[in-house]
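Colleague: Below is a structure I'd like to ask you about.
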Amino acid sequence: MGKTMVALMAVLAAVPGRAGEDRGKPYGGGGYRPPPQPYVQPYAPPQPAYVSPPTYYQPTYSKPSIIQEPYQYRRHVDPGHWKPPPSDGGPEMPPVMVDFPDVYKAVVQAYLKEQSEKGSGEFLLKDDVSGHVFRLRVAGYSKDSIVQLSRDEAFACVQFESGSGEKLDLDFYVKKRDVGEWAVSKIYVHKVDGKARFVYNADHQPVSPESLASAAAAARSPGKAAASKVVPKPKQPAKLSAQISLREPSGNDALDGGETGKLNVTVFNAGPGPAYAVRLALTVDSKAQVRVPSSLELGDIKAGQTATGEVSIEAPEDVVSGKVKVTVEAREGNGFDAEPIVMELEARAFKAPRLEVAGVAVGPGKVVKAGEPTKVSVAVRNAGAGPAGGVAAFLSIGSQDIFMSGEPSASIGELKPGQTKTAEFEFFVNKRYKGQGALPISVNLSESRGKYGTEAASLNLALGKAPPATKVFAVKGKESLPEPEAAPAADDVDIPPKARTERDPQAYAVLIGIEKYRDLPAVEFASQDADIMQSYLTRAMGYDVRNVVVLQDDRATLTDMATFLGPWLEDRVTAGSKVFVYYAGHGAPNPRTGEGYLIPYDGNPNYVETKAFSVKQLYANLAKLPSKDVTVVLDACFSGAGGRSIIAKGARPLVTMTKAPSPGENMAVITAAGNDQISTFYPEARHGMLTYFLLKGLRGGADADGDKAVTTAELFDFVAPSVETEARKQHVEQTPTINPARGALGDKGSRVWVKLR
């Protein structure tokens, strides 16, 4: 058909509303009559109208269906007067309403007013093609060119200007839902800066400009068109054969509910003569309600040549699981047909996505401060069983003293079941803000179907405070279909388990998570690793929050590490204490000796003796403590080959530690990888690989005997194979280690980390 026409349809929020005082002109002699009773306007989240391309078929585009119940503007009117269209021998058109332009304008104005109130005073429109959010204001109405599609549906163009200077023509469709009830039903982005994305044919169907030009050219050459209908008589026979293949978006070789795939049919003429007027005839044998077009013209195929046709095969969201048989016949104008071919495929019932906010993190300073820009990262997760396309997040601010620094929306794209991606925003609060508690900042989530987004969810940010440790909160989505069982989420470990571990006032912990270094590359998710580990210790493992030190980023200098891993512990730990030390960040080997070092925020792998903290020194400090129960977890590696490891400039990678230092008799040490391996992270879960499975084990995954108590031995037995298996999916060899060795743990193996409820 040529270039694909882009016609965007708005997904409109289902919110009843009133037109205010703009009553328009008398309509049909009956005039305007107010609704018989007031309408209650439910809460609707502030977000832009979301637009996405329609589904279409050759040779013309079909009318896109309404994806979501539209905004309802209820205006009761009399049926109105009608007059017949002029008779010019053309197709019969629906009658034209008299005095309808004012009613049309009132309906559109009410919709725009309602949307603007939800968009902080602006009409926001999300363009699914460019991902851009337009801030629009009305420039004019084309009331004199309203197209009446039927007695109950019409459309016209409304001109807009954006805040950045673009000029947009939007075609607003209005439809009568019940007796006298009109609503905006859909919107097309028709033109951007005068460039049309599509055109209308004589039947007011949106088509590509190329398609319309081809039809016009054929109309100008009636003789040629008529001649093409005459099939030439062959002098030699054609011999046709056909092949068929399926292409579908999910890559699972099945047609899932809501998917549109493509059937590619190739017809080869092996005969000595040409094949004339070849046409594909398609039939579907299925109870699954899968749809394909009935035919496709291929034209003439010369001897020894092929022709290829592509047709859409669509499974609606209400598709029934089962086998689908598509029969394709290549029919030739003189009867030299190919043998029928059959494509058998599987249709699968629709699985709904379910979007939720999985985490909130504040930028470098970790807290929101008045008068300073604040960067906030919002982790968005698909906790449903089906994929979500066109996912976007929209930040909403509910105070005049809080300002947006950048765009209010962030495009996330596709989210597979269980997958998590991050949306980034920036805002700032002035010094006049007097609100108490959480700032009035919330986020909405949307996706291309318009059904499985979320209502507004507060980010729970407060001035002078870091985000709460519990970072996962789900919001009920707008599902219109029964929700299937959710797929397991990769980052559900961010919530500590419900536990019955006794509070131990003599338990001490030092947690170090260095994500951003002063002079070195960042370590993905290391800061979050430390945050969540603190939450587990203080909410499930019996540690008092006052006895847990967390060193992150610029608060984890060499001096800080030396202080809290040395004198701070020495001054507090007694013989009855238990100690937990956790490190997530860069490790580095000494290129000369192979000795391993922990790299602080201000560290330098070129001078590890003076700019890093040696693992040997760490073990020596902990061995001096009077406690008999010391546990160390190092989510880092020391090979210098990448991952959570770094090496001096000019040194070769894989500088294997000659021998890992021996921990003290009071210690059990779990490390992320062997001496010659790298440690990696789990991007979907936003954690280091070791940390993710450590947390997962503490939630009960490691409770092998089912006694609700997770021990050191059980935890390592769970973590080691889990990390090894998942790392191989990333083409990485990573095998966690424990010291003393698993068989030599003795009583250390029975130490209880957490008692679960």
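Quick note on naming: the chains in the structure tokens go A, B, ... in the order shown, residues restart at 1 in each chain, and ligands are numbered from 1 in order of appearance.
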Taking 4 positions as the minimum chain separation for residues in the same chain, which residues sit within 6 Å of segment 737-745 of chain A when counting only C-alpha atoms? Answer as JSON, numbers by chain.
Modeller: {"A": [668, 669, 670, 671, 749]}
Colleague: Near segment 372-382 of chain A, within 8 Å and counting only C-alpha atoms, which residues show up once chain neighbours fewer than 5 positions away are dropped, as an MDAnalysis selection string?
Modeller: chainID A and resid 353:364 387:388 405 415:429 489
Colleague: Compare A:Ala238, A:Ala623, A:Ala139, A:Leu551 by their minimum atom-to-atom distance to Asp529 of chain A, counting only C-alpha atoms, and give me the closest one.
Modeller: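 Of the candidates, the smallest distance to Asp529 of chain A is held by A:Leu551.
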Colleague: Hey, what does DSSP flag as strand (DSSP E) within segment 194-342 of chain A? Can you give it to me as a PyMOL selection string?
Modeller: chain A and resi 195-196+199-200+206-207+240-247+255-256+260-269+275-285+295-301+306-314+322-331+341-342
Colleague: May I ask which of the residues A:Tyr141, A:Lys748, A:Lys369, A:Thr557 is the closest one to Pro101 of chain A, counting only C-alpha atoms?
Modeller: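 The shortest atom-to-atom distance to Pro101 of chain A comes from A:Tyr141.
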Colleague: I need the residue nearest Val545 of chain A from this list: A:Met533, A:Ala720, A:Val284, A:Leu445. Use only C-alpha atoms for the distance.
Modeller: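 Nearest candidate to Val545 of chain A out of A:Met533, A:Ala720, A:Val284, A:Leu445: A:Met533.
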Colleague: If we count only C-alpha atoms, what is near Gly596 of chain A at a cut-off of 8 Å, once residues fewer than 5 positions away on the same chain are taken out, given as a list in words?
Modeller: Gly587, Ala588, Pro589, Asn590, Ser614, Val615, Lys616, Phe638, Met657 and Ala660 of chain A
